[in-house]
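One file, target-v3.tsv, is given below (TSV, C-alpha atoms and all ligand atoms).
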chain	number	residue	atom	x	y	z
A	248	MET	CA	8.20	33.32	-5.84
A	249	PHE	CA	8.26	32.09	-9.43
A	250	ASP	CA	11.67	31.50	-10.92
A	251	ALA	CA	11.19	31.04	-14.65
A	252	GLY	CA	14.78	29.88	-15.12
A	253	PHE	CA	14.34	27.19	-12.53
A	254	TRP	CA	11.33	25.79	-14.35
A	255	GLY	CA	12.89	26.46	-17.71
A	256	GLY	CA	10.27	29.04	-18.63
A	257	ARG	CA	7.86	26.39	-19.94
A	258	GLU	CA	4.18	26.60	-19.21
A	259	VAL	CA	4.19	23.31	-17.39
A	260	LEU	CA	1.03	23.75	-15.45
A	261	ARG	CA	-2.29	23.07	-16.99
A	262	VAL	CA	-3.42	21.64	-13.69
A	263	SER	CA	-5.59	23.85	-11.58
A	264	ASP	CA	-5.13	24.88	-7.95
A	265	GLY	CA	-5.30	22.00	-5.56
A	266	PHE	CA	-2.85	19.69	-7.29
A	267	ILE	CA	-0.36	17.43	-5.52
A	268	GLY	CA	3.27	18.44	-6.02
A	269	VAL	CA	5.65	15.48	-6.19
A	270	PHE	CA	9.40	15.89	-6.44
A	271	ASP	CA	12.69	14.04	-6.53
A	272	SER	CA	16.30	14.83	-7.35
A	273	GLY	CA	15.53	13.42	-10.80
A	274	ALA	CA	13.49	10.80	-12.63
A	275	GLY	CA	13.56	8.26	-9.78
A	276	GLY	CA	10.53	9.68	-7.98
A	277	ILE	CA	8.42	8.60	-10.94
A	278	SER	CA	8.49	5.10	-9.37
A	279	VAL	CA	6.61	6.61	-6.42
A	280	LEU	CA	4.38	8.71	-8.66
A	281	LYS	CA	3.12	5.51	-10.33
A	282	ASN	CA	1.95	4.26	-6.91
A	283	LEU	CA	0.32	7.60	-6.13
A	284	VAL	CA	-1.63	7.60	-9.38
A	285	SER	CA	-2.92	4.05	-8.90
A	286	GLU	CA	-3.94	4.81	-5.31
A	287	LEU	CA	-5.53	8.21	-6.13
A	288	PRO	CA	-6.43	8.27	-9.85
A	289	GLN	CA	-8.82	11.20	-9.40
A	290	GLU	CA	-6.05	13.57	-8.25
A	291	GLN	CA	-3.99	16.02	-10.32
A	292	PHE	CA	-0.23	15.50	-9.96
A	293	LEU	CA	2.65	17.71	-10.98
A	294	PHE	CA	5.96	15.84	-10.87
A	295	PHE	CA	9.14	17.91	-10.69
A	296	GLY	CA	12.50	16.22	-11.23
A	297	ASP	CA	15.57	18.21	-10.27
A	298	SER	CA	17.69	16.33	-12.79
A	299	ALA	CA	20.00	19.34	-13.35
A	300	ASN	CA	21.10	18.95	-9.71
A	301	ALA	CA	21.03	15.14	-9.42
A	302	PRO	CA	22.35	13.27	-7.59
A	303	TYR	CA	21.35	14.56	-4.16
A	304	GLY	CA	22.78	11.49	-2.46
A	305	ASP	CA	26.38	12.72	-2.53
A	306	LYS	CA	25.50	16.23	-1.28
A	307	ASP	CA	25.62	17.57	2.28
A	308	PRO	CA	22.31	17.85	4.19
A	309	THR	CA	22.24	21.67	4.04
A	310	SER	CA	22.50	21.70	0.24
A	311	ILE	CA	19.77	19.03	-0.01
A	312	LEU	CA	17.53	21.10	2.27
A	313	LEU	CA	18.10	24.28	0.21
A	314	LEU	CA	17.32	22.50	-3.07
A	315	SER	CA	14.22	20.84	-1.58
A	316	ARG	CA	12.93	24.06	-0.04
A	317	ARG	CA	13.24	25.87	-3.37
A	318	ILE	CA	11.13	23.22	-5.07
A	319	VAL	CA	8.51	23.15	-2.29
A	320	ASP	CA	8.26	26.97	-2.30
A	321	THR	CA	7.69	26.93	-6.04
A	322	LEU	CA	5.11	24.11	-5.95
A	323	LEU	CA	3.18	25.83	-3.17
A	324	GLY	CA	3.42	29.16	-5.03
A	325	LYS	CA	1.70	27.46	-7.95
A	326	GLY	CA	-1.17	26.23	-5.75
A	327	ALA	CA	-0.17	22.74	-4.55
A	328	LYS	CA	-2.46	21.42	-1.78
A	329	ALA	CA	0.04	18.77	-0.65
A	330	ILE	CA	3.64	17.76	-1.26
A	331	VAL	CA	5.12	14.31	-1.74
A	332	ILE	CA	8.88	14.09	-1.33
A	333	ALA	CA	9.43	11.13	-3.65
A	334	CYS	CA	13.05	10.86	-2.58
A	335	ASN	CA	14.49	9.00	0.40
A	336	THR	CA	17.49	11.34	0.49
A	337	ALA	CA	15.46	14.57	0.55
A	338	THR	CA	13.03	13.06	3.06
A	339	SER	CA	15.94	12.29	5.41
A	340	ALA	CA	17.60	15.68	4.99
A	341	ALA	CA	14.63	18.03	4.66
A	342	ALA	CA	11.20	16.64	5.57
A	343	ALA	CA	11.25	17.53	9.28
A	344	THR	CA	12.39	21.12	8.63
A	345	LEU	CA	9.90	21.64	5.81
A	346	ARG	CA	7.03	20.33	7.98
A	347	ASP	CA	8.03	22.88	10.65
A	348	GLU	CA	8.14	25.64	8.04
A	349	TYR	CA	4.77	24.69	6.49
A	350	PRO	CA	2.68	23.33	9.36
A	351	ASP	CA	-0.55	23.71	7.35
A	352	VAL	CA	0.61	21.74	4.33
A	353	PRO	CA	0.53	17.93	4.25
A	354	ILE	CA	4.09	16.86	3.41
A	355	VAL	CA	4.51	13.12	2.87
A	356	GLY	CA	7.94	11.54	2.52
A	357	VAL	CA	9.37	8.13	1.67
A	358	GLU	CA	11.69	5.93	3.72
A	359	PRO	CA	13.47	2.63	3.08
A	360	ALA	CA	10.91	-0.18	3.48
A	361	LEU	CA	12.93	-1.96	6.17
A	362	LYS	CA	9.94	-2.68	8.39
A	363	PRO	CA	7.98	-4.84	5.88
A	364	ALA	CA	11.20	-6.59	4.85
A	365	VAL	CA	12.10	-7.53	8.45
A	366	LEU	CA	8.52	-8.56	9.22
A	367	ALA	CA	8.55	-10.84	6.17
A	368	PHE	CA	12.01	-12.25	7.02
A	369	PRO	CA	12.51	-12.23	10.80
A	370	ARG	CA	16.13	-13.22	11.61
A	371	GLY	CA	16.86	-12.96	7.86
A	372	ARG	CA	19.63	-11.06	6.09
A	373	ILE	CA	18.27	-7.86	4.56
A	374	LEU	CA	20.32	-5.89	2.04
A	375	VAL	CA	19.43	-2.17	2.07
A	376	MET	CA	20.54	-0.28	-1.03
A	377	ALA	CA	20.36	3.50	-0.74
A	378	THR	CA	22.33	6.71	-1.29
A	379	ALA	CA	25.28	7.63	0.90
A	380	ALA	CA	23.31	10.55	2.39
A	381	THR	CA	20.28	8.42	3.28
A	382	LEU	CA	22.43	5.85	5.07
A	383	THR	CA	24.46	8.48	6.94
A	384	LEU	CA	21.60	10.61	8.23
A	385	GLU	CA	19.90	10.23	11.60
A	386	LYS	CA	16.56	9.05	10.16
A	387	PHE	CA	18.06	5.82	8.84
A	388	HIS	CA	20.06	5.21	12.02
A	389	ARG	CA	16.84	5.35	14.02
A	390	LEU	CA	15.10	2.98	11.59
A	391	GLU	CA	18.04	0.57	11.70
A	392	GLU	CA	18.13	0.67	15.50
A	393	GLN	CA	14.46	-0.20	15.57
A	394	TRP	CA	14.74	-3.28	13.31
A	395	ALA	CA	18.35	-4.52	13.52
A	396	ARG	CA	17.60	-6.66	16.59
A	397	GLN	CA	15.13	-8.74	14.57
A	398	ALA	CA	17.21	-9.27	11.44
A	399	GLU	CA	20.65	-8.72	10.02
A	400	VAL	CA	20.57	-5.39	8.21
A	401	ILE	CA	23.26	-4.83	5.58
A	402	PRO	CA	23.32	-1.22	4.30
A	403	VAL	CA	25.17	-0.52	1.05
A	404	ALA	CA	25.65	3.01	-0.31
A	405	CYS	CA	25.27	2.71	-4.08
A	406	VAL	CA	27.43	5.64	-5.15
A	407	GLY	CA	27.24	6.31	-8.89
A	408	LEU	CA	24.05	4.32	-9.59
A	409	VAL	CA	21.63	7.26	-9.78
A	410	GLU	CA	23.77	9.04	-12.42
A	411	LEU	CA	23.61	5.94	-14.65
A	412	ILE	CA	19.83	5.54	-14.19
A	413	GLU	CA	19.34	9.23	-15.05
A	414	ARG	CA	20.91	8.49	-18.47
A	415	GLY	CA	17.86	6.34	-19.24
A	416	ASP	CA	19.48	3.10	-20.45
A	417	LEU	CA	18.29	0.82	-17.68
A	418	SER	CA	20.07	-2.34	-18.84
A	419	SER	CA	23.41	-0.83	-19.81
A	420	PRO	CA	26.63	-2.81	-19.22
A	421	GLU	CA	27.81	0.10	-17.02
A	422	ILE	CA	24.86	-0.47	-14.66
A	423	HIS	CA	25.56	-4.21	-14.55
A	424	ASP	CA	29.29	-3.67	-13.86
A	425	LEU	CA	28.64	-1.12	-11.12
A	426	LEU	CA	26.08	-3.41	-9.45
A	427	GLU	CA	28.59	-6.29	-9.56
A	428	GLU	CA	31.09	-4.07	-7.82
A	429	LEU	CA	28.60	-2.79	-5.22
A	430	VAL	CA	26.52	-5.85	-4.33
A	431	GLY	CA	27.93	-8.79	-6.30
A	432	CYS	CA	29.40	-10.24	-3.08
A	433	TYR	CA	25.83	-10.74	-1.75
A	434	ARG	CA	24.72	-12.99	-4.61
A	435	ASP	CA	22.49	-15.72	-3.09
A	436	LYS	CA	23.52	-14.58	0.40
A	437	VAL	CA	20.57	-12.35	1.36
A	438	ASP	CA	16.88	-13.10	1.92
A	439	ALA	CA	15.49	-9.78	0.67
A	440	VAL	CA	16.52	-6.46	-0.84
A	441	VAL	CA	15.21	-3.06	0.26
A	442	LEU	CA	15.38	-0.48	-2.52
A	443	GLY	CA	16.01	2.61	-0.37
A	444	CYS	CA	16.28	5.04	-3.25
A	445	THR	CA	13.37	5.80	-5.55
A	446	HIS	CA	15.56	5.46	-8.63
A	447	TYR	CA	16.37	1.81	-7.96
A	448	PRO	CA	13.01	0.18	-8.84
A	449	PHE	CA	13.87	1.12	-12.44
A	450	VAL	CA	16.86	-1.27	-12.30
A	451	ARG	CA	15.23	-4.00	-10.23
A	452	ASP	CA	15.85	-6.58	-12.97
A	453	ALA	CA	19.53	-5.67	-13.21
A	454	ILE	CA	19.84	-5.90	-9.40
A	455	ARG	CA	18.10	-9.28	-9.43
A	456	ASP	CA	20.57	-10.53	-12.07
A	457	VAL	CA	23.41	-9.67	-9.70
A	458	VAL	CA	22.00	-10.46	-6.24
A	459	GLY	CA	19.70	-13.38	-7.04
A	460	ASP	CA	15.95	-13.95	-7.24
A	461	VAL	CA	14.83	-12.67	-3.82
A	462	PRO	CA	11.86	-10.47	-2.82
A	463	PHE	CA	12.28	-6.71	-3.22
A	464	PHE	CA	10.75	-4.02	-1.01
A	465	ASP	CA	10.37	-0.32	-1.73
A	466	GLY	CA	8.53	2.56	-0.09
A	467	GLY	CA	6.24	3.53	-3.01
A	468	ALA	CA	3.02	1.77	-2.00
A	469	GLY	CA	3.34	2.83	1.66
A	470	THR	CA	3.84	6.45	0.61
A	471	ALA	CA	0.71	6.31	-1.54
A	472	ARG	CA	-1.36	4.90	1.35
A	473	GLN	CA	0.04	7.56	3.67
A	474	LEU	CA	-0.89	10.31	1.19
A	475	ARG	CA	-4.46	9.02	1.03
A	476	THR	CA	-4.64	8.97	4.85
A	477	VAL	CA	-3.40	12.56	5.30
A	478	LEU	CA	-5.58	13.97	2.50
A	479	GLU	CA	-8.61	12.18	3.93
A	480	ALA	CA	-7.88	13.42	7.46
A	481	ARG	CA	-7.73	17.03	6.23
A	482	GLY	CA	-10.70	16.77	3.89
A	483	LEU	CA	-8.45	17.41	0.90
A	484	LEU	CA	-9.24	14.41	-1.31
A	485	ALA	CA	-10.43	15.30	-4.82
A	486	ASP	CA	-14.00	14.51	-5.74
A	487	PRO	CA	-14.22	10.75	-6.50
A	488	ASP	CA	-15.70	11.59	-9.93
A	489	ALA	CA	-12.95	14.07	-10.81
A	490	THR	CA	-10.61	13.36	-13.72
A	491	GLY	CA	-7.03	13.12	-12.57
A	492	CYS	CA	-3.93	14.03	-14.54
A	493	VAL	CA	-0.14	13.93	-14.41
A	494	ARG	CA	2.21	16.66	-15.64
A	495	PHE	CA	5.98	16.59	-15.72
A	496	ALA	CA	8.50	19.38	-15.18
A	497	SER	CA	12.26	19.29	-14.82
A	498	SER	CA	15.12	21.61	-13.96
A	499	LYS	CA	16.82	19.99	-16.97
A	500	ASP	CA	14.28	21.49	-19.29
A	501	THR	CA	14.68	19.74	-22.63
A	502	ASP	CA	12.26	17.74	-24.76
A	503	GLU	CA	14.53	14.70	-24.32
A	504	GLU	CA	14.36	14.92	-20.53
A	505	LEU	CA	10.59	15.24	-20.43
A	506	ALA	CA	10.30	12.34	-22.90
A	507	LEU	CA	12.49	10.27	-20.55
A	508	TYR	CA	10.16	11.07	-17.62
A	509	GLN	CA	7.17	10.05	-19.72
A	510	ARG	CA	8.92	6.80	-20.74
A	511	PHE	CA	9.78	5.99	-17.10
A	512	PHE	CA	6.16	6.65	-16.12
A	513	GLU	CA	4.93	4.18	-18.74
A	514	LEU	CA	7.28	1.37	-17.67
A	515	ASP	CA	5.84	-1.65	-15.87
A	516	LEU	CA	7.63	-1.86	-12.54
B	601	LIG	N1	15.88	9.17	-5.71
B	601	LIG	C1	16.51	9.65	-4.56
B	601	LIG	C2	16.32	8.83	-3.31
B	601	LIG	O1	15.31	8.19	-3.17
B	601	LIG	C3	17.79	10.41	-4.63
B	601	LIG	C4	18.86	9.93	-5.51
B	601	LIG	C5	19.98	10.92	-5.62
B	601	LIG	O2	19.74	12.00	-6.16
B	601	LIG	O3	21.08	10.62	-5.17
B	601	LIG	O4	17.14	8.85	-2.43
This structure in C-alpha cells:
Amino acid sequence: MFDAGFWGGREVLRVSDGFIGVFDSGAGGISVLKNLVSELPQEQFLFFGDSANAPYGDKDPTSILLLSRRIVDTLLGKGAKAIVIACNTATSAAAATLRDEYPDVPIVGVEPALKPAVLAFPRGRILVMATAATLTLEKFHRLEEQWARQAEVIPVACVGLVELIERGDLSSPEIHDLLEELVGCYRDKVDAVVLGCTHYPFVRDAIRDVVGDVPFFDGGAGTARQLRTVLEARGLLADPDATGCVRFASSKDTDEELALYQRFFELDL
C-alpha cells in the first residue's frame, strides 16, 4: 500500500531495497538515528517523522498502534529489511503487536534506560522523564518493578515538551519555563536523569540548567547495539564496504520540516 498523501507525494526514496526504516512521532527519533548511523555507517536509513500527528504521548494506545502500523506497512512496502521504532511511546504501545504481525521482520524498539542508570547509581534517586503514555503503559510498569527495589525511581510525565521541541528552537524561554514547572523541584535532588523520550536529548542542556549537572541516560546507544545484534543474527548486515546513506521523510511534508530534521541530525548531542 502506498499512500502518496501520507508521504506528501515526494520522491523520498533514493535508497534501494534493503534499507532500514526508522520512525518516530516526529523529529525526536533523529537522536536515535544518530546512534544507528555511528554504529552501522554502511547501512542505508530512511527516517520517517510523523510530525503532522505529533505528539503521540498524549494519545490512547489504540491510536498510537494504528499510526505506527501505517508507517511500518509503508516502510515495508517500500522494501525495508528492518524497522527501528525510535520512539519510547510507540514501542510501548505497538512493538509487541507489530512483531506478532510481522514475525519475519526484525523490529527493534527503544525503552527508557533505567537499567544502566540504576546500575550506575544503586540506591540513588533516578528521575525518569517520559511521555504520559510511556509512563502509563504496562511496559514501563514492568521495567519499574524490576529496578525500583534497587533505587528510588521518580517518573515525571513531561506533557507539552515534545510540542515545543518540534518547533525547533531548543533553547526557547518557553522550554525553560515548562521544565521549571515540570522538574524544577528536583534541582540538585537527584543522582541521574533518564531521558525516556527520544525528543529529550535535544534539550539535554536546558534540562541540565534546571535539574543540575548530573549524568543523563538515554536508550539510543542500546538500540543501536540491539539493531546490530539482530541484523547479524539474521545475516542482514550490509556489506562492510557498502556506502551508507540517510534520507528523511515526514508526514508534515514541507521544505522547512525536512530542513529541521537535517539540522537536528547535524547537532552534536
Ligand atoms: N519521541 C517519542 C518518545 O520517545 C514520542 C513523543 C511524543 O510524540 O509524544 O516517546
(message) Which residues are near ligand LIG 601 (chain B) in this structure, taking near to mean any atom at most 6 Å from a ligand atom and counting all atoms listed in the file? Format them as JSON, numbers by chain.
(response) {"A": [271, 272, 275, 276, 301, 302, 303, 304, 334, 335, 336, 378, 409, 444, 445, 446]}
(request) Name the closest residue to Cys405 of chain A among the candidates A:Val441, A:Leu390, A:Ile311, A:Leu426; distances are taken between atoms, counting all atoms listed in the file. (result) A:Leu426
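Interatomic distance, atom CA of Leu283 of chain A against atom CA of Ala471 of chain A: 4.8 Å.
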Output as JSON lines one row per residue of segment 465-498 of chain A within 12 Å of segment 356-364 of chain A: the closest atom pair and its distance in Å to one decimal place, counting only C-alpha atoms, sorted by chain and residue number ascending.
{"residue": "A:Asp465", "atom": "CA", "partner": "A:Ala360", "partner_atom": "CA", "distance": 5.2}
{"residue": "A:Gly466", "atom": "CA", "partner": "A:Ala360", "partner_atom": "CA", "distance": 5.1}
{"residue": "A:Gly467", "atom": "CA", "partner": "A:Val357", "partner_atom": "CA", "distance": 7.3}
{"residue": "A:Ala468", "atom": "CA", "partner": "A:Val357", "partner_atom": "CA", "distance": 9.7}
{"residue": "A:Gly469", "atom": "CA", "partner": "A:Val357", "partner_atom": "CA", "distance": 8.0}
{"residue": "A:Thr470", "atom": "CA", "partner": "A:Val357", "partner_atom": "CA", "distance": 5.9}
{"residue": "A:Ala471", "atom": "CA", "partner": "A:Val357", "partner_atom": "CA", "distance": 9.4}
{"residue": "A:Arg472", "atom": "CA", "partner": "A:Val357", "partner_atom": "CA", "distance": 11.2}
{"residue": "A:Gln473", "atom": "CA", "partner": "A:Gly356", "partner_atom": "CA", "distance": 8.9}
{"residue": "A:Leu474", "atom": "CA", "partner": "A:Gly356", "partner_atom": "CA", "distance": 9.0}
{"residue": "A:Val477", "atom": "CA", "partner": "A:Gly356", "partner_atom": "CA", "distance": 11.7}
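A straight line drawn from atom CA of Arg316 of chain A to atom CA of Glu385 of chain A is 19.4 Å long.
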(message) From the options A:Ile373, A:Lys325, A:Ser285, A:Leu312, which residue's atoms come nearest to Leu345 of chain A, counting only C-alpha atoms?
(response) A:Leu312
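As for atom CA of Tyr508 of chain A and atom CA of Asp305 of chain A, they are spaced 22.2 Å apart.
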Could you list, with a cut-off of 10 Å and counting only C-alpha atoms, the residues of segment 292-343 of chain A near segment 265-269 of chain A, each shown with its nearest atom pair and the distance in Å rounded to one decimal, rows sorted by chain and ascending number, as JSON lines?
{"residue": "A:Phe292", "atom": "CA", "partner": "A:Ile267", "partner_atom": "CA", "distance": 4.8}
{"residue": "A:Leu293", "atom": "CA", "partner": "A:Gly268", "partner_atom": "CA", "distance": 5.1}
{"residue": "A:Phe294", "atom": "CA", "partner": "A:Val269", "partner_atom": "CA", "distance": 4.7}
{"residue": "A:Phe295", "atom": "CA", "partner": "A:Val269", "partner_atom": "CA", "distance": 6.2}
{"residue": "A:Gly296", "atom": "CA", "partner": "A:Val269", "partner_atom": "CA", "distance": 8.5}
{"residue": "A:Ile318", "atom": "CA", "partner": "A:Gly268", "partner_atom": "CA", "distance": 9.2}
{"residue": "A:Val319", "atom": "CA", "partner": "A:Gly268", "partner_atom": "CA", "distance": 8.0}
{"residue": "A:Thr321", "atom": "CA", "partner": "A:Gly268", "partner_atom": "CA", "distance": 9.6}
{"residue": "A:Leu322", "atom": "CA", "partner": "A:Gly268", "partner_atom": "CA", "distance": 6.0}
{"residue": "A:Leu323", "atom": "CA", "partner": "A:Gly268", "partner_atom": "CA", "distance": 7.9}
{"residue": "A:Lys325", "atom": "CA", "partner": "A:Phe266", "partner_atom": "CA", "distance": 9.0}
{"residue": "A:Gly326", "atom": "CA", "partner": "A:Gly265", "partner_atom": "CA", "distance": 5.9}
{"residue": "A:Ala327", "atom": "CA", "partner": "A:Phe266", "partner_atom": "CA", "distance": 4.9}
{"residue": "A:Lys328", "atom": "CA", "partner": "A:Gly265", "partner_atom": "CA", "distance": 4.8}
{"residue": "A:Ala329", "atom": "CA", "partner": "A:Ile267", "partner_atom": "CA", "distance": 5.1}
{"residue": "A:Ile330", "atom": "CA", "partner": "A:Gly268", "partner_atom": "CA", "distance": 4.8}
{"residue": "A:Val331", "atom": "CA", "partner": "A:Val269", "partner_atom": "CA", "distance": 4.6}
{"residue": "A:Ile332", "atom": "CA", "partner": "A:Val269", "partner_atom": "CA", "distance": 6.0}
{"residue": "A:Ala333", "atom": "CA", "partner": "A:Val269", "partner_atom": "CA", "distance": 6.3}
{"residue": "A:Cys334", "atom": "CA", "partner": "A:Val269", "partner_atom": "CA", "distance": 9.4}
(message) Can you tell me which residues surround segment 479-485 of chain A at a distance of at most 8 Å, considering all atoms listed in the file, apart from same-chain residues fewer than 2 positions away, and format the answer as a list in words?
(response) Gln289, Glu290, Lys328, Arg475, Thr476, Val477, Pro487 and Ala489 of chain A
(message) With distances taken over all atoms listed in the file, which residue among A:Asp452, A:Glu410, A:Asp486, A:Asp438 lies nearest Arg372 of chain A?
(response) A:Asp438
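For Leu313 of chain A, the list of residues within 12 Å, based on only C-alpha atoms and with local chain neighbours fewer than 3 positions off taken out, reads Asn300, Tyr303, Lys306, Asp307, Pro308, Thr309, Ser310, Arg316, Arg317, Ile318, Val319, Asp320, Ala337, Ala340, Ala341, Ala342, Thr344 and Leu345 of chain A.
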